[in-house]
>>> print(open('my_file13.pdb').read())   # PDB, C-alpha atoms
ATOM      1  CA  MET A  62      87.921 176.041 125.475
ATOM      2  CA  ALA A  63      88.710 175.290 129.105
ATOM      3  CA  THR A  64      86.010 173.610 131.127
ATOM      4  CA  ALA A  65      85.083 174.061 134.740
ATOM      5  CA  THR A  66      86.156 171.373 137.120
ATOM      6  CA  ARG A  67      84.713 170.299 140.412
ATOM      7  CA  GLU A  68      88.021 169.819 142.126
ATOM      8  CA  ALA A  69      89.544 171.352 145.230
ATOM      9  CA  SER A  70      89.813 175.110 145.183
ATOM     10  CA  PRO A  71      92.878 176.436 143.416
ATOM     11  CA  PRO A  72      94.961 178.457 145.893
ATOM     12  CA  ALA A  73      94.205 181.766 144.178
ATOM     13  CA  ALA A  74      90.393 181.344 143.893
ATOM     14  CA  VAL A  75      89.656 181.999 147.574
ATOM     15  CA  GLY A  76      91.973 183.741 149.983
ATOM     16  CA  PRO A  77      92.429 186.499 152.510
ATOM     17  CA  GLY A  78      92.207 190.098 151.369
ATOM     18  CA  ARG A  79      92.279 193.566 152.888
ATOM     19  CA  ARG A  80      88.497 193.993 152.788
ATOM     20  CA  GLY A  81      87.495 190.427 153.642
ATOM     21  CA  ILE A  82      87.855 187.083 151.913
ATOM     22  CA  ARG A  83      88.916 187.553 148.289
ATOM     23  CA  LEU A  84      86.945 185.455 145.813
ATOM     24  CA  ARG A  85      87.927 185.276 142.135
ATOM     25  CA  ILE A  86      84.990 184.745 139.795
ATOM     26  CA  ARG A  87      84.709 183.824 136.112
ATOM     27  CA  ALA A  88      81.228 185.083 135.187
ATOM     28  CA  VAL A  89      79.024 183.574 132.479
ATOM     29  CA  PRO A  90      76.308 186.177 131.736
ATOM     30  CA  GLY A  91      73.250 185.429 129.609
ATOM     31  CA  ALA A  92      73.195 181.747 130.600
ATOM     32  CA  ARG A  93      70.129 179.479 130.573
ATOM     33  CA  ARG A  94      70.383 178.875 134.303
ATOM     34  CA  GLU A  95      71.939 180.471 137.331
ATOM     35  CA  ALA A  96      74.496 178.189 138.945
ATOM     36  CA  ILE A  97      77.857 177.829 140.579
ATOM     37  CA  LEU A  98      79.518 175.624 137.982
ATOM     38  CA  GLY A  99      82.875 174.755 139.536
ATOM     39  CA  PHE A 100      86.414 175.986 139.354
ATOM     40  CA  HIS A 101      87.838 177.341 136.104
ATOM     41  CA  GLY A 102      91.587 177.851 136.376
ATOM     42  CA  GLU A 103      92.059 180.061 139.416
ATOM     43  CA  ALA A 104      88.465 181.269 139.623
ATOM     44  CA  LEU A 105      85.015 180.031 140.571
ATOM     45  CA  ARG A 106      82.820 179.843 137.466
ATOM     46  CA  VAL A 107      79.310 181.242 138.015
ATOM     47  CA  SER A 108      76.501 181.587 135.458
ATOM     48  CA  VAL A 109      73.654 184.109 135.599
ATOM     49  CA  ARG A 110      70.680 184.674 133.327
ATOM     50  CA  ALA A 111      71.044 188.451 133.189
ATOM     51  CA  PRO A 112      72.828 189.862 130.158
ATOM     52  CA  ALA A 113      76.083 191.779 130.430
ATOM     53  CA  ASP A 114      74.281 195.080 129.915
ATOM     54  CA  ARG A 115      74.529 198.157 132.149
ATOM     55  CA  GLY A 116      75.659 196.150 135.190
ATOM     56  CA  ARG A 117      72.672 193.803 135.231
ATOM     57  CA  ALA A 118      74.852 190.671 135.176
ATOM     58  CA  ASN A 119      76.985 192.031 138.025
ATOM     59  CA  GLU A 120      73.918 192.652 140.169
ATOM     60  CA  ALA A 121      72.547 189.188 139.375
ATOM     61  CA  LEU A 122      75.927 187.652 140.209
ATOM     62  CA  LEU A 123      76.104 189.390 143.587
ATOM     63  CA  ASP A 124      72.503 188.440 144.394
ATOM     64  CA  LEU A 125      73.120 184.793 143.458
ATOM     65  CA  LEU A 126      76.345 184.530 145.464
ATOM     66  CA  ALA A 127      74.820 186.199 148.521
ATOM     67  CA  ASP A 128      71.936 183.727 148.436
ATOM     68  CA  ARG A 129      73.967 180.590 147.719
ATOM     69  CA  LEU A 130      76.849 181.404 150.091
ATOM     70  CA  GLY A 131      74.520 182.425 152.902
ATOM     71  CA  VAL A 132      75.832 185.960 153.345
ATOM     72  CA  GLY A 133      74.080 189.301 153.218
ATOM     73  CA  ARG A 134      74.137 191.183 149.923
ATOM     74  CA  ARG A 135      75.807 194.060 151.778
ATOM     75  CA  ASP A 136      78.653 191.676 152.718
ATOM     76  CA  LEU A 137      79.720 191.300 149.059
ATOM     77  CA  GLU A 138      81.719 193.952 147.257
ATOM     78  CA  LEU A 139      82.852 193.907 143.633
ATOM     79  CA  LEU A 140      86.504 194.962 143.793
ATOM     80  CA  SER A 141      87.449 194.579 140.130
ATOM     81  CA  GLY A 142      86.102 193.321 136.820
ATOM     82  CA  ARG A 143      83.026 195.492 136.507
ATOM     83  CA  SER A 144      83.045 195.229 132.703
ATOM     84  CA  GLY A 145      84.723 191.852 132.149
ATOM     85  CA  ARG A 146      84.066 188.202 132.895
ATOM     86  CA  ASP A 147      86.931 187.925 135.370
ATOM     87  CA  LYS A 148      86.010 189.530 138.672
ATOM     88  CA  VAL A 149      87.346 189.801 142.192
ATOM     89  CA  LEU A 150      84.917 190.072 145.093
ATOM     90  CA  ALA A 151      85.363 190.738 148.778
ATOM     91  CA  VAL A 152      83.208 188.648 151.117
ATOM     92  CA  ARG A 153      82.851 189.970 154.655
ATOM     93  CA  GLY A 154      81.459 188.302 157.745
ATOM     94  CA  VAL A 155      82.776 184.767 157.164
ATOM     95  CA  ASP A 156      86.188 183.135 157.104
ATOM     96  CA  GLU A 157      87.966 181.424 154.230
ATOM     97  CA  ASN A 158      87.262 177.862 155.426
ATOM     98  CA  THR A 159      83.548 178.605 155.772
ATOM     99  CA  ILE A 160      83.378 179.932 152.205
ATOM    100  CA  LEU A 161      85.244 176.883 150.879
ATOM    101  CA  ARG A 162      82.918 174.474 152.731
ATOM    102  CA  ARG A 163      79.847 176.284 151.414
ATOM    103  CA  ILE A 164      81.157 176.166 147.842
ATOM    104  CA  GLU A 165      81.948 172.448 148.165
ATOM    105  CA  ARG A 166      78.460 171.780 149.544
ATOM    106  CA  LEU A 167      76.875 173.697 146.644
ATOM    107  CA  LEU A 168      78.850 171.679 144.128
ATOM    108  CA  GLU A 169      77.823 168.418 145.813
ATOM    109  CA  VAL A 170      74.157 169.441 145.738
ATOM    110  CA  ASP A 171      74.426 169.903 141.976
ATOM    111  CA  GLY A 172      75.114 166.165 141.805
ATOM    112  CA  GLU A 173      78.887 166.042 141.541
ATOM    113  CA  THR A 174      81.555 165.825 144.180
ATOM    114  CA  PRO A 175      84.191 168.574 144.165
ATOM    115  CA  GLY A 176      86.992 166.149 144.971
ATOM    116  CA  PRO A 177      89.429 166.420 147.863
ATOM    117  CA  GLY A 178      89.059 169.788 149.499
ATOM    118  CA  ARG A 179      90.229 171.841 152.360
TER     119      ARG A 179
END
>>> encode(input="my_file13.pdb", output="structure tokens")
Amino acid sequence: MATATREASPPAAVGPGRRGIRLRIRAVPGARREAILGFHGEALRVSVRAPADRGRANEALLDLLADRLGVGRRDLELLSGRSGRDKVLAVRGVDENTILRRIERLLEVDGETPGPGR
């Protein structure tokens, strides 16, 4: 099993997209705690308490990311991955560097340093 790392963002995890900044997510539904766990391959690993049942985990994921990344819930759009763990989101209203800095800060707050970043 691959583990999440707290290293610099892989190039494909965060990048420009047609509808805003594209953010690849590896969701962990039904977790004990809600957290941004780090990077997993080319995606940001995020855990939510809600089960993967009738879209509840997706809603919890969007709520968590809006809160933690400091964007409005309306500024997040689920582009793909509605029924799987691998998802692609669009984030509007902020630029790529801002998103990366906010993710790095969140990982540092959890007690670990994300490593060299952009």
>>> axis_aligned_box(input="my_file13.pdb", around="segment 152-171 of chain A", padding_each_side="8 Å", output="AutoDock Vina command-line options")
--center_x 81.1 --center_y 179.2 --center_z 149.9 --size_x 29.8 --size_y 37.6 --size_z 31.8
>>> resolve_selection(input="my_file13.pdb", expression="the PyMOL selection byres ((chain A and resi 92-95) around 10)", output="list of chain:residue names")
A:Ala88, A:Val89, A:Pro90, A:Gly91, A:Ala96, A:Ile97, A:Leu98, A:Val107, A:Ser108, A:Val109, A:Arg110, A:Ala111, A:Pro112, A:Ala121, A:Leu122, A:Leu125
>>> write_last_selection(input="my_file13.pdb", atoms="C-alpha atoms", output="mmCIF file, in the frame of the given file")
data_model
loop_
_atom_site.group_PDB
_atom_site.id
_atom_site.type_symbol
_atom_site.label_atom_id
_atom_site.label_comp_id
_atom_site.auth_asym_id
_atom_site.auth_seq_id
_atom_site.Cartn_x
_atom_site.Cartn_y
_atom_site.Cartn_z
ATOM 1 C CA ALA A 88 81.228 185.083 135.187
ATOM 2 C CA VAL A 89 79.024 183.574 132.479
ATOM 3 C CA PRO A 90 76.308 186.177 131.736
ATOM 4 C CA GLY A 91 73.250 185.429 129.609
ATOM 5 C CA ALA A 96 74.496 178.189 138.945
ATOM 6 C CA ILE A 97 77.857 177.829 140.579
ATOM 7 C CA LEU A 98 79.518 175.624 137.982
ATOM 8 C CA VAL A 107 79.310 181.242 138.015
ATOM 9 C CA SER A 108 76.501 181.587 135.458
ATOM 10 C CA VAL A 109 73.654 184.109 135.599
ATOM 11 C CA ARG A 110 70.680 184.674 133.327
ATOM 12 C CA ALA A 111 71.044 188.451 133.189
ATOM 13 C CA PRO A 112 72.828 189.862 130.158
ATOM 14 C CA ALA A 121 72.547 189.188 139.375
ATOM 15 C CA LEU A 122 75.927 187.652 140.209
ATOM 16 C CA LEU A 125 73.120 184.793 143.458
#
>>> closest_residue(input="my_file13.pdb", among="A:Leu123, A:Glu138, A:Arg129, A:Arg106", to="Ala151 of chain A", atoms="only C-alpha atoms")
A:Glu138
>>> resolve_selection(input="my_file13.pdb", expression="the PyMOL selection byres ((chain A and resi 164) around 9)", output="number ranges by chain")
A: 97, 99, 129-130, 159-163, 165-169, 175
>>> closest_residue(input="my_file13.pdb", among="A:Lys148, A:His101, A:Arg85, A:Arg153", to="Arg135 of chain A", atoms="all atoms listed in the file")
A:Arg153
>>> atom_distance(input="my_file13.pdb", atom1="atom CA of Leu150 of chain A", atom2="atom CA of Glu103 of chain A")
13.5 Å
>>> atom_distance(input="my_file13.pdb", atom1="atom CA of Leu137 of chain A", atom2="atom CA of Val152 of chain A")
4.8 Å
>>> atom_distance(input="my_file13.pdb", atom1="atom CA of Leu105 of chain A", atom2="atom CA of Ala74 of chain A")
6.5 Å
>>> residues_around(input="my_file13.pdb", residues="Gly76 of chain A", least_positions_apart="6", cutoff="9 Å", atoms="only C-alpha atoms", output="ChimeraX atom specification")
/A:82-85,157
>>> closest_residue(input="my_file13.pdb", among="A:Ile86, A:Ala104, A:Leu139, A:Val132", to="Gly116 of chain A", atoms="only C-alpha atoms")
A:Leu139
